[in-house]
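Reproduced below: upload_24.cif, with mmCIF, C-alpha atoms and all ligand atoms.
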data_input
#
loop_
_atom_site.group_PDB
_atom_site.id
_atom_site.type_symbol
_atom_site.label_atom_id
_atom_site.label_comp_id
_atom_site.auth_asym_id
_atom_site.auth_seq_id
_atom_site.Cartn_x
_atom_site.Cartn_y
_atom_site.Cartn_z
ATOM 1 C CA MET A 60 -13.624 9.380 9.913
ATOM 2 C CA ASP A 61 -16.692 11.629 9.531
ATOM 3 C CA GLU A 62 -14.759 13.694 7.016
ATOM 4 C CA LEU A 63 -13.925 10.505 5.087
ATOM 5 C CA GLN A 64 -17.594 9.435 5.081
ATOM 6 C CA THR A 65 -18.615 12.838 3.705
ATOM 7 C CA THR A 66 -15.984 12.650 0.944
ATOM 8 C CA LEU A 67 -16.917 9.069 0.069
ATOM 9 C CA SER A 68 -20.622 9.821 0.146
ATOM 10 C CA ALA A 69 -20.116 12.434 -2.609
ATOM 11 C CA ARG A 70 -18.669 9.587 -4.711
ATOM 12 C CA GLY A 71 -21.504 7.192 -3.962
ATOM 13 C CA LEU A 72 -19.593 5.178 -1.368
ATOM 14 C CA SER A 73 -19.754 4.527 2.344
ATOM 15 C CA VAL A 74 -17.672 2.634 4.911
ATOM 16 C CA SER A 75 -19.542 0.214 7.164
ATOM 17 C CA THR A 76 -18.324 -2.267 9.743
ATOM 18 C CA LEU A 77 -19.743 -5.769 9.662
ATOM 19 C CA PRO A 78 -19.210 -8.033 12.689
ATOM 20 C CA ASP A 79 -17.694 -10.895 10.664
ATOM 21 C CA LYS A 80 -15.836 -8.831 8.044
ATOM 22 C CA GLY A 81 -14.590 -5.698 9.758
ATOM 23 C CA ARG A 82 -14.627 -2.554 7.653
ATOM 24 C CA CYS A 83 -16.114 -2.814 4.144
ATOM 25 C CA LEU A 84 -16.783 -0.344 1.364
ATOM 26 C CA PHE A 85 -20.383 -0.177 0.133
ATOM 27 C CA ALA A 86 -22.007 1.441 -2.865
ATOM 28 C CA THR A 87 -24.664 4.048 -2.154
ATOM 29 C CA ARG A 88 -25.452 4.438 -5.865
ATOM 30 C CA ASP A 89 -25.264 2.230 -8.963
ATOM 31 C CA PHE A 90 -21.898 1.834 -10.724
ATOM 32 C CA ARG A 91 -21.658 0.859 -14.395
ATOM 33 C CA PRO A 92 -19.076 -1.709 -15.606
ATOM 34 C CA GLY A 93 -15.808 0.133 -16.346
ATOM 35 C CA GLU A 94 -16.701 3.094 -14.144
ATOM 36 C CA ILE A 95 -14.083 4.307 -11.657
ATOM 37 C CA VAL A 96 -15.256 3.467 -8.163
ATOM 38 C CA ILE A 97 -12.390 5.197 -6.386
ATOM 39 C CA SER A 98 -8.968 6.594 -7.201
ATOM 40 C CA GLU A 99 -6.388 7.218 -4.495
ATOM 41 C CA LYS A 100 -2.817 8.497 -4.357
ATOM 42 C CA PRO A 101 -0.463 6.557 -2.082
ATOM 43 C CA TYR A 102 -0.095 7.988 1.428
ATOM 44 C CA VAL A 103 3.498 6.753 1.403
ATOM 45 C CA TRP A 104 5.399 4.820 -1.239
ATOM 46 C CA ALA A 105 8.843 3.417 -1.971
ATOM 47 C CA PRO A 106 10.274 2.049 -5.222
ATOM 48 C CA ASN A 107 11.378 -1.571 -5.565
ATOM 49 C CA LYS A 108 14.992 -2.463 -5.976
ATOM 50 C CA SER A 109 14.822 -5.746 -7.822
ATOM 51 C CA GLY A 110 17.804 -7.257 -9.611
ATOM 52 C CA GLY A 111 20.019 -4.357 -8.539
ATOM 53 C CA GLU A 112 18.045 -1.950 -10.757
ATOM 54 C CA SER A 113 17.185 1.340 -9.061
ATOM 55 C CA ARG A 114 14.025 3.320 -9.755
ATOM 56 C CA CYS A 115 13.127 6.984 -9.439
ATOM 57 C CA ASP A 116 11.588 7.765 -6.052
ATOM 58 C CA GLY A 117 9.042 10.010 -7.739
ATOM 59 C CA CYS A 118 7.802 8.181 -10.852
ATOM 60 C CA PHE A 119 9.474 4.727 -10.542
ATOM 61 C CA GLY A 120 11.190 5.304 -13.919
ATOM 62 C CA THR A 121 14.606 3.823 -14.657
ATOM 63 C CA SER A 122 16.048 6.368 -17.150
ATOM 64 C CA ASN A 123 18.457 9.233 -16.461
ATOM 65 C CA LEU A 124 18.620 8.445 -12.760
ATOM 66 C CA LYS A 125 20.792 10.411 -10.398
ATOM 67 C CA LYS A 126 21.479 9.336 -6.834
ATOM 68 C CA CYS A 127 20.811 11.794 -3.991
ATOM 69 C CA SER A 128 24.347 12.889 -3.190
ATOM 70 C CA ALA A 129 23.641 13.411 0.514
ATOM 71 C CA CYS A 130 22.031 10.125 1.605
ATOM 72 C CA GLN A 131 23.015 7.917 -1.382
ATOM 73 C CA VAL A 132 19.691 6.059 -0.943
ATOM 74 C CA ALA A 133 17.131 7.971 -3.039
ATOM 75 C CA TRP A 134 17.255 8.227 -6.836
ATOM 76 C CA TYR A 135 15.519 10.729 -9.117
ATOM 77 C CA CYS A 136 15.048 10.954 -12.888
ATOM 78 C CA GLY A 137 14.960 14.757 -12.859
ATOM 79 C CA SER A 138 14.236 17.893 -10.898
ATOM 80 C CA SER A 139 10.432 17.642 -11.071
ATOM 81 C CA CYS A 140 10.376 14.222 -9.351
ATOM 82 C CA GLN A 141 12.979 15.402 -6.829
ATOM 83 C CA LYS A 142 10.973 18.561 -6.116
ATOM 84 C CA GLU A 143 7.703 16.632 -5.699
ATOM 85 C CA ASP A 144 9.325 14.352 -3.110
ATOM 86 C CA TRP A 145 11.455 16.983 -1.374
ATOM 87 C CA LYS A 146 9.216 17.871 1.597
ATOM 88 C CA LEU A 147 9.371 14.277 2.777
ATOM 89 C CA HIS A 148 12.804 13.335 1.524
ATOM 90 C CA ARG A 149 14.385 16.407 3.169
ATOM 91 C CA LEU A 150 13.715 14.817 6.580
ATOM 92 C CA GLU A 151 14.394 11.280 5.380
ATOM 93 C CA CYS A 152 17.649 12.391 3.781
ATOM 94 C CA ALA A 153 18.870 14.126 6.942
ATOM 95 C CA ALA A 154 18.075 11.046 9.035
ATOM 96 C CA LEU A 155 19.643 8.566 6.569
ATOM 97 C CA SER A 156 22.758 10.705 6.117
ATOM 98 C CA LYS A 157 23.616 10.277 9.803
ATOM 99 C CA LEU A 158 23.590 6.504 9.413
ATOM 100 C CA HIS A 159 26.886 4.675 8.817
ATOM 101 C CA LYS A 160 27.349 3.846 5.108
ATOM 102 C CA ASP A 161 27.274 0.072 5.736
ATOM 103 C CA ARG A 162 24.060 0.408 7.745
ATOM 104 C CA ARG A 163 22.384 2.288 4.890
ATOM 105 C CA LYS A 164 22.546 -0.921 2.824
ATOM 106 C CA SER A 165 19.985 -2.401 5.263
ATOM 107 C CA VAL A 166 17.469 0.300 4.370
ATOM 108 C CA THR A 167 15.094 -1.824 2.295
ATOM 109 C CA PRO A 168 11.896 -0.523 0.599
ATOM 110 C CA SER A 169 9.888 -1.859 3.598
ATOM 111 C CA ILE A 170 12.057 0.104 6.034
ATOM 112 C CA ARG A 171 11.673 3.216 3.872
ATOM 113 C CA LEU A 172 7.885 2.861 3.840
ATOM 114 C CA VAL A 173 7.790 2.930 7.647
ATOM 115 C CA LEU A 174 10.336 5.773 7.854
ATOM 116 C CA ARG A 175 8.228 7.784 5.458
ATOM 117 C CA LEU A 176 5.047 6.940 7.385
ATOM 118 C CA TYR A 177 6.424 8.581 10.538
ATOM 119 C CA LEU A 178 7.949 11.505 8.662
ATOM 120 C CA ARG A 179 4.653 12.170 6.898
ATOM 121 C CA ARG A 180 2.882 12.067 10.287
ATOM 122 C CA LYS A 181 5.396 14.618 11.610
ATOM 123 C CA LEU A 182 4.947 16.917 8.589
ATOM 124 C CA GLU A 183 1.183 16.652 8.922
ATOM 125 C CA ALA A 184 1.333 17.586 12.618
ATOM 126 C CA GLU A 185 3.500 20.599 11.730
ATOM 127 C CA GLY A 186 1.113 21.630 8.925
ATOM 128 C CA VAL A 187 3.840 21.283 6.262
ATOM 129 C CA ILE A 188 1.793 18.667 4.407
ATOM 130 C CA PRO A 189 -1.933 19.352 4.926
ATOM 131 C CA ALA A 190 -4.087 16.486 6.180
ATOM 132 C CA THR A 191 -7.139 15.836 3.990
ATOM 133 C CA ALA A 192 -10.125 13.508 4.255
ATOM 134 C CA MET A 193 -8.373 10.789 2.242
ATOM 135 C CA GLU A 194 -4.787 11.582 3.211
ATOM 136 C CA ASN A 195 -4.169 11.703 6.931
ATOM 137 C CA TYR A 196 -2.438 9.566 9.521
ATOM 138 C CA LYS A 197 -5.718 8.784 11.341
ATOM 139 C CA LEU A 198 -6.614 6.509 8.404
ATOM 140 C CA VAL A 199 -3.341 4.618 8.947
ATOM 141 C CA GLU A 200 -4.169 4.253 12.652
ATOM 142 C CA ALA A 201 -7.509 2.684 11.714
ATOM 143 C CA LEU A 202 -5.898 -0.091 9.620
ATOM 144 C CA VAL A 203 -5.737 -3.619 11.018
ATOM 145 C CA SER A 204 -2.331 -5.080 11.936
ATOM 146 C CA HIS A 205 -3.322 -8.677 12.852
ATOM 147 C CA MET A 206 -0.403 -8.668 15.339
ATOM 148 C CA SER A 207 -1.982 -11.470 17.392
ATOM 149 C CA ASP A 208 -1.953 -13.811 14.363
ATOM 150 C CA ILE A 209 1.713 -13.329 13.516
ATOM 151 C CA GLU A 210 4.256 -16.093 14.112
ATOM 152 C CA GLU A 211 6.996 -15.428 16.632
ATOM 153 C CA LYS A 212 9.729 -15.598 13.975
ATOM 154 C CA GLN A 213 8.034 -12.802 12.037
ATOM 155 C CA LEU A 214 7.535 -10.750 15.213
ATOM 156 C CA VAL A 215 11.284 -10.960 15.918
ATOM 157 C CA LEU A 216 11.972 -9.722 12.382
ATOM 158 C CA TYR A 217 9.551 -6.810 12.815
ATOM 159 C CA ALA A 218 11.222 -5.936 16.144
ATOM 160 C CA GLN A 219 14.660 -5.886 14.461
ATOM 161 C CA MET A 220 13.362 -3.690 11.638
ATOM 162 C CA ALA A 221 11.620 -1.448 14.178
ATOM 163 C CA ASN A 222 14.929 -1.025 16.037
ATOM 164 C CA LEU A 223 16.579 0.177 12.854
ATOM 165 C CA VAL A 224 13.723 2.622 12.143
ATOM 166 C CA ASN A 225 13.993 3.940 15.698
ATOM 167 C CA LEU A 226 17.755 4.336 15.330
ATOM 168 C CA ILE A 227 17.362 6.247 12.061
ATOM 169 C CA LEU A 228 14.503 8.524 13.091
ATOM 170 C CA GLN A 229 15.338 9.173 16.756
ATOM 171 C CA LEU A 230 11.924 10.755 17.259
ATOM 172 C CA PRO A 231 10.832 11.212 20.894
ATOM 173 C CA ASP A 232 7.195 10.161 20.423
ATOM 174 C CA ILE A 233 7.550 6.673 18.913
ATOM 175 C CA ASN A 234 8.328 3.288 20.438
ATOM 176 C CA ILE A 235 9.553 -0.061 19.099
ATOM 177 C CA LYS A 236 6.229 -1.855 19.691
ATOM 178 C CA GLU A 237 4.275 0.727 17.723
ATOM 179 C CA ILE A 238 6.827 0.694 14.885
ATOM 180 C CA ALA A 239 6.666 -3.127 14.733
ATOM 181 C CA GLU A 240 2.872 -2.887 14.567
ATOM 182 C CA ASN A 241 3.174 -0.516 11.611
ATOM 183 C CA PHE A 242 5.365 -3.075 9.801
ATOM 184 C CA SER A 243 2.582 -5.576 10.336
ATOM 185 C CA LYS A 244 -0.028 -3.064 9.112
ATOM 186 C CA LEU A 245 1.964 -2.519 5.952
ATOM 187 C CA ALA A 246 2.314 -6.270 5.404
ATOM 188 C CA CYS A 247 -1.481 -6.610 5.590
ATOM 189 C CA ASN A 248 -2.488 -3.417 3.804
ATOM 190 C CA ALA A 249 0.194 -2.073 1.452
ATOM 191 C CA HIS A 250 -0.138 -2.778 -2.268
ATOM 192 C CA THR A 251 2.448 -3.638 -4.886
ATOM 193 C CA ILE A 252 2.257 -0.864 -7.468
ATOM 194 C CA CYS A 253 2.493 -2.426 -10.950
ATOM 195 C CA ASP A 254 2.788 -1.027 -14.458
ATOM 196 C CA SER A 255 0.265 -1.833 -17.208
ATOM 197 C CA GLU A 256 2.030 -5.142 -17.863
ATOM 198 C CA LEU A 257 1.800 -6.006 -14.167
ATOM 199 C CA ARG A 258 5.521 -5.641 -13.531
ATOM 200 C CA PRO A 259 6.033 -4.581 -9.902
ATOM 201 C CA LEU A 260 7.497 -1.084 -9.574
ATOM 202 C CA GLY A 261 7.212 -0.354 -5.892
ATOM 203 C CA ASN A 262 4.982 -0.488 -2.844
ATOM 204 C CA GLY A 263 2.442 1.998 -1.604
ATOM 205 C CA LEU A 264 -0.031 2.380 1.213
ATOM 206 C CA PHE A 265 -3.545 3.364 0.128
ATOM 207 C CA PRO A 266 -5.542 3.592 3.384
ATOM 208 C CA VAL A 267 -8.966 3.976 1.700
ATOM 209 C CA VAL A 268 -8.475 1.336 -1.015
ATOM 210 C CA SER A 269 -7.252 -0.947 1.802
ATOM 211 C CA ILE A 270 -10.782 -0.915 3.245
ATOM 212 C CA ILE A 271 -11.945 -2.875 0.172
ATOM 213 C CA ASN A 272 -11.946 -6.604 0.834
ATOM 214 C CA HIS A 273 -10.920 -9.346 -1.536
ATOM 215 C CA SER A 274 -13.342 -11.721 -3.133
ATOM 216 C CA CYS A 275 -13.173 -14.931 -5.098
ATOM 217 C CA LEU A 276 -15.794 -13.293 -7.328
ATOM 218 C CA PRO A 277 -14.804 -9.636 -7.350
ATOM 219 C CA ASN A 278 -17.064 -6.975 -8.754
ATOM 220 C CA SER A 279 -14.218 -4.532 -9.307
ATOM 221 C CA VAL A 280 -10.569 -4.574 -10.266
ATOM 222 C CA LEU A 281 -7.607 -2.629 -8.958
ATOM 223 C CA VAL A 282 -5.195 -1.153 -11.497
ATOM 224 C CA PHE A 283 -2.525 1.507 -11.185
ATOM 225 C CA GLU A 284 -2.274 4.700 -13.181
ATOM 226 C CA GLY A 285 1.172 6.037 -12.392
ATOM 227 C CA LYS A 286 1.372 5.670 -8.614
ATOM 228 C CA SER A 287 -2.383 6.084 -8.097
ATOM 229 C CA ALA A 288 -4.590 3.103 -7.279
ATOM 230 C CA VAL A 289 -7.726 3.057 -9.429
ATOM 231 C CA VAL A 290 -10.599 0.706 -8.638
ATOM 232 C CA ARG A 291 -12.955 0.111 -11.572
ATOM 233 C CA ALA A 292 -16.236 -1.765 -11.591
ATOM 234 C CA VAL A 293 -16.048 -4.931 -13.732
ATOM 235 C CA GLN A 294 -19.783 -5.577 -13.499
ATOM 236 C CA HIS A 295 -22.891 -3.627 -12.624
ATOM 237 C CA ILE A 296 -22.758 -2.793 -8.916
ATOM 238 C CA SER A 297 -26.123 -1.871 -7.524
ATOM 239 C CA LYS A 298 -26.816 0.544 -4.746
ATOM 240 C CA ASP A 299 -26.512 -0.715 -1.155
ATOM 241 C CA SER A 300 -26.253 -4.336 -2.142
ATOM 242 C CA GLU A 301 -22.625 -4.808 -2.970
ATOM 243 C CA ARG A 302 -19.344 -5.008 -1.232
ATOM 244 C CA TYR A 303 -16.299 -4.714 -3.412
ATOM 245 C CA TRP A 304 -13.858 -7.548 -3.089
ATOM 246 C CA ASP A 305 -15.251 -9.595 -0.285
ATOM 247 C CA SER A 306 -12.769 -11.463 1.951
ATOM 248 C CA VAL A 307 -10.940 -14.384 0.466
ATOM 249 C CA SER A 308 -12.022 -17.760 1.667
ATOM 250 C CA VAL A 309 -9.948 -20.389 -0.066
ATOM 251 C CA THR A 310 -12.236 -23.299 -0.668
ATOM 252 C CA SER A 311 -12.241 -26.259 1.663
ATOM 253 C CA ASN A 312 -11.909 -28.619 -1.353
ATOM 254 C CA SER A 313 -8.195 -28.637 -1.887
ATOM 255 C CA PRO A 314 -7.556 -26.854 -5.159
ATOM 256 C CA LYS A 315 -5.466 -28.320 -7.986
ATOM 257 C CA SER A 316 -3.931 -24.995 -8.806
ATOM 258 C CA LEU A 317 -3.807 -21.489 -7.467
ATOM 259 C CA TYR A 318 -3.543 -18.102 -9.068
ATOM 260 C CA VAL A 319 -1.403 -15.451 -7.491
ATOM 261 C CA CYS A 320 -3.018 -12.057 -7.181
ATOM 262 C CA PRO A 321 -0.966 -9.549 -9.197
ATOM 263 C CA VAL A 322 -1.729 -6.804 -6.727
ATOM 264 C CA LEU A 323 -0.798 -8.547 -3.495
ATOM 265 C CA PRO A 324 1.221 -11.544 -4.685
ATOM 266 C CA GLU A 325 2.742 -12.259 -1.293
ATOM 267 C CA HIS A 326 -0.569 -12.405 0.505
ATOM 268 C CA TYR A 327 -3.312 -13.715 -1.702
ATOM 269 C CA LEU A 328 -3.626 -17.002 -3.493
ATOM 270 C CA PHE A 329 -6.865 -18.057 -5.087
ATOM 271 C CA PRO A 330 -8.237 -21.304 -6.462
ATOM 272 C CA SER A 331 -8.829 -20.962 -10.194
ATOM 273 C CA ALA A 332 -12.396 -22.224 -10.189
ATOM 274 C CA PHE A 333 -13.633 -19.057 -8.562
ATOM 275 C CA TYR A 334 -12.474 -16.582 -11.166
ATOM 276 C CA PRO A 335 -13.930 -15.633 -14.509
ATOM 277 C CA SER A 336 -11.433 -16.226 -17.291
ATOM 278 C CA TYR A 337 -11.025 -12.541 -18.238
ATOM 279 C CA TRP A 338 -9.875 -11.846 -14.684
ATOM 280 C CA LEU A 339 -7.435 -14.746 -14.616
ATOM 281 C CA LYS A 340 -5.543 -13.453 -17.635
ATOM 282 C CA SER A 341 -3.691 -11.032 -15.388
ATOM 283 C CA PHE A 342 -2.838 -13.644 -12.780
ATOM 284 C CA GLN A 343 0.285 -15.727 -12.456
ATOM 285 C CA TYR A 344 -0.556 -19.441 -12.673
ATOM 286 C CA VAL A 345 0.964 -21.693 -10.033
ATOM 287 C CA PRO A 346 0.468 -25.465 -10.518
ATOM 288 C CA LEU A 347 0.489 -27.326 -7.190
HETATM 289 ZN ZN ZN A 401 10.968 10.383 -11.878
HETATM 290 ZN ZN ZN A 402 18.854 12.048 0.085
#
Give the structure from this file in structure tokens form.
Amino acid sequence: MDELQTTLSARGLSVSTLPDKGRCLFATRDFRPGEIVISEKPYVWAPNKSGGESRCDGCFGTSNLKKCSACQVAWYCGSSCQKEDWKLHRLECAALSKLHKDRRKSVTPSIRLVLRLYLRRKLEAEGVIPATAMENYKLVEALVSHMSDIEEKQLVLYAQMANLVNLILQLPDINIKEIAENFSKLACNAHTICDSELRPLGNGLFPVVSIINHSCLPNSVLVFEGKSAVVRAVQHISKDSERYWDSVSVTSNSPKSLYVCPVLPEHYLFPSAFYPSYWLKSFQYVPL
């Protein structure tokens, strides 16, 4: 974490823990409106498969796709995307190829995210993929899972998915409980990667951007450039005084309508009264 603090401090940021909020990202210098606060590549990612349409594992594109002939799970638009993903997919491919063809149909994007999380950890430990201040498994370990708040039905589902991951990976140093906890971490922390028109393309885990909390009056906005998450200031953020995206507290007055966050649509709903209109333009309106 010291290495992360040093890297963030060079960008005018710092991570602090507040008793009531947990970890928060603070500004240690002024940020102008429009300025990039932080940009982060996903630690792991997986494309969506909505409406039967496949996407490239590298760039999430849909043109000229070819299926990986060995595992029949991954798709690529060309050799550069395949090459970029090969270090990780080589292990994933070998593991998936051993799975019965019918079983491979159960390998959803969520399952792939967790598979790739463990494979990336393995490659990091072996020095194949170097760990850096912003890209290392320790940052994943530090994420919250909120396991104690999860309903039993959901826990059973995580346990079933964890069993499948365990069956696919067959790694000696992982256990079902820990895998289930990682599913919960991803549910709380992973982001839906969208294109410029806010169409969902896939999911990614951004361990540093995940430190930023949500707010009903945010001072920055999260957009995606390719697969990278880019947080930009939408107002002047002054040194030391601001937290980006404070936690959501849906108002106690019952709202007449909610807006669904385009970034985390499954997890965050906000009452309209708390958003400036320019921000709401990108939100999906849900009358109650
Ligand atoms: Zn591609
Ligand atoms: Zn493959």
### Query
How would you write, as a PyMOL selection string, the set of residues no farther than 8 Å from ligand ZN 402 (chain A) when counting only C-alpha atoms and all ligand atoms?
chain A and resi 126-133+148-149+151-153+155-156
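The binding environment of ligand ZN 401 (chain A), defined as every protein, DNA or RNA residue with an atom no more than 7 Å away and counting only C-alpha atoms and all ligand atoms, comprises Cys115, Asp116, Gly117, Cys118, Phe119, Gly120, Tyr135, Cys136, Gly137 and Cys140 of chain A.
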## Note on the structure
Taken to one decimal, the atom CA of A:Ser169-atom CA of A:Ser207 distance is 20.6 Å
### Task
Grab the atom CA of A:Pro106 to atom CA of A:Leu260 distance for me, in Å with one decimal place.
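A separation of 6.0 Å between them.
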### Task
Between A:Leu216, A:Ile95, A:Ile238, A:Leu202, single out the one closest to A:Phe283, counting only C-alpha atoms.
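Looking at the shortest contact to A:Phe283, the residue is A:Ile95.
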List as a compact mmCIF listing (two decimals) with C-alpha atoms, in the coordinates of the input the residues having at least one atom at most 12 Å from position (-13.0, -2.9, 1.2) as given in the file, counting all atoms listed in the file.
# COMPACT_ATOMS: atom_id res chain seq x y z
CA LEU A 72 -19.59 5.18 -1.37
CA SER A 73 -19.75 4.53 2.34
CA VAL A 74 -17.67 2.63 4.91
CA SER A 75 -19.54 0.21 7.16
CA THR A 76 -18.32 -2.27 9.74
CA LEU A 77 -19.74 -5.77 9.66
CA LYS A 80 -15.84 -8.83 8.04
CA GLY A 81 -14.59 -5.70 9.76
CA ARG A 82 -14.63 -2.55 7.65
CA CYS A 83 -16.11 -2.81 4.14
CA LEU A 84 -16.78 -0.34 1.36
CA PHE A 85 -20.38 -0.18 0.13
CA ALA A 86 -22.01 1.44 -2.86
CA VAL A 96 -15.26 3.47 -8.16
CA ILE A 97 -12.39 5.20 -6.39
CA LEU A 202 -5.90 -0.09 9.62
CA ASN A 248 -2.49 -3.42 3.80
CA PHE A 265 -3.54 3.36 0.13
CA PRO A 266 -5.54 3.59 3.38
CA VAL A 267 -8.97 3.98 1.70
CA VAL A 268 -8.48 1.34 -1.01
CA SER A 269 -7.25 -0.95 1.80
CA ILE A 270 -10.78 -0.92 3.24
CA ILE A 271 -11.94 -2.88 0.17
CA ASN A 272 -11.95 -6.60 0.83
CA HIS A 273 -10.92 -9.35 -1.54
CA SER A 274 -13.34 -11.72 -3.13
CA PRO A 277 -14.80 -9.64 -7.35
CA ASN A 278 -17.06 -6.98 -8.75
CA SER A 279 -14.22 -4.53 -9.31
CA VAL A 280 -10.57 -4.57 -10.27
CA LEU A 281 -7.61 -2.63 -8.96
CA VAL A 290 -10.60 0.71 -8.64
CA GLU A 301 -22.62 -4.81 -2.97
CA ARG A 302 -19.34 -5.01 -1.23
CA TYR A 303 -16.30 -4.71 -3.41
CA TRP A 304 -13.86 -7.55 -3.09
CA ASP A 305 -15.25 -9.60 -0.28
CA SER A 306 -12.77 -11.46 1.95
CA VAL A 307 -10.94 -14.38 0.47
### Query
On this structure, which residues satisfy the PyMOL selection byres (((chain A and resi 194) around 10) and not hetatm), written as a ChimeraX atom specification?
/A:63,99-103,183,188-193,195-199,265-267
Using the file's own x, y and z axes, so that the box edges lie along x, y and z, what centre and edge lengths in Å (one decimal) does a box around every listed atom of stretch 247-251 of chain A get when 6 Å is added on each side? Give it as JSON.
{"center_x": 0.0, "center_y": -4.3, "center_z": 0.4, "size_x": 16.9, "size_y": 16.5, "size_z": 22.5}
### Query
Separation of atom CA of A:Leu178 and atom CA of A:Asn262, in Å?
16.9 Å
#### Entry: Of the listed residues A:Ala154, A:Ala221, A:Ala105, A:Val203, that which approaches A:Phe242 most closely, counting only C-alpha atoms
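Comparing A:Ala154, A:Ala221, A:Ala105, A:Val203 against A:Phe242, the winner is A:Ala221.
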I'd like the contact shell of A:Ala239 - 12 Å cut-off, all atoms listed in the file, skipping same-chain residues fewer than 5 positions apart - returned as a PDB file with C-alpha atoms, keeping the file's coordinate frame.
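Result written to part28.pdb:
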ATOM      1  CA  SER A 169       9.888  -1.859   3.598  1.00  0.00           C
ATOM      2  CA  ILE A 170      12.057   0.104   6.034  1.00  0.00           C
ATOM      3  CA  VAL A 173       7.790   2.930   7.647  1.00  0.00           C
ATOM      4  CA  LEU A 174      10.336   5.773   7.854  1.00  0.00           C
ATOM      5  CA  SER A 204      -2.331  -5.080  11.936  1.00  0.00           C
ATOM      6  CA  HIS A 205      -3.322  -8.677  12.852  1.00  0.00           C
ATOM      7  CA  MET A 206      -0.403  -8.668  15.339  1.00  0.00           C
ATOM      8  CA  ILE A 209       1.713 -13.329  13.516  1.00  0.00           C
ATOM      9  CA  GLN A 213       8.034 -12.802  12.037  1.00  0.00           C
ATOM     10  CA  LEU A 214       7.535 -10.750  15.213  1.00  0.00           C
ATOM     11  CA  VAL A 215      11.284 -10.960  15.918  1.00  0.00           C
ATOM     12  CA  LEU A 216      11.972  -9.722  12.382  1.00  0.00           C
ATOM     13  CA  TYR A 217       9.551  -6.810  12.815  1.00  0.00           C
ATOM     14  CA  ALA A 218      11.222  -5.936  16.144  1.00  0.00           C
ATOM     15  CA  GLN A 219      14.660  -5.886  14.461  1.00  0.00           C
ATOM     16  CA  MET A 220      13.362  -3.690  11.638  1.00  0.00           C
ATOM     17  CA  ALA A 221      11.620  -1.448  14.178  1.00  0.00           C
ATOM     18  CA  ASN A 222      14.929  -1.025  16.037  1.00  0.00           C
ATOM     19  CA  LEU A 223      16.579   0.177  12.854  1.00  0.00           C
ATOM     20  CA  VAL A 224      13.723   2.622  12.143  1.00  0.00           C
ATOM     21  CA  ASN A 225      13.993   3.940  15.698  1.00  0.00           C
ATOM     22  CA  ILE A 233       7.550   6.673  18.913  1.00  0.00           C
ATOM     23  CA  ASN A 234       8.328   3.288  20.438  1.00  0.00           C
ATOM     24  CA  LYS A 244      -0.028  -3.064   9.112  1.00  0.00           C
ATOM     25  CA  LEU A 245       1.964  -2.519   5.952  1.00  0.00           C
ATOM     26  CA  ALA A 246       2.314  -6.270   5.404  1.00  0.00           C
TER      27      ALA A 246
END
### Task
Considering all atoms listed in the file, state which residue in the set A:Thr66, A:Leu257, A:Ala288, A:Lys146 is at the smallest distance from A:Gly186.
A:Lys146
### Query
With all atoms listed in the file as the atoms that count, which of A:Arg171, A:Lys164, A:Arg91, A:Arg179 lies nearest to A:Ala292?
A:Arg91
### Query
Counting all atoms listed in the file, which of A:Thr251, A:Glu237, A:Arg162, A:Ser138 gets nearest to A:Trp104?
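Checking each of A:Thr251, A:Glu237, A:Arg162, A:Ser138 against A:Trp104, counting all atoms listed in the file, the winner is A:Thr251.
If you measure from each of A:Asn107, A:Ser68, A:Ser287, A:Ser297 to A:Gly261 using all atoms listed in the file, the closest one turns out to be A:Asn107.
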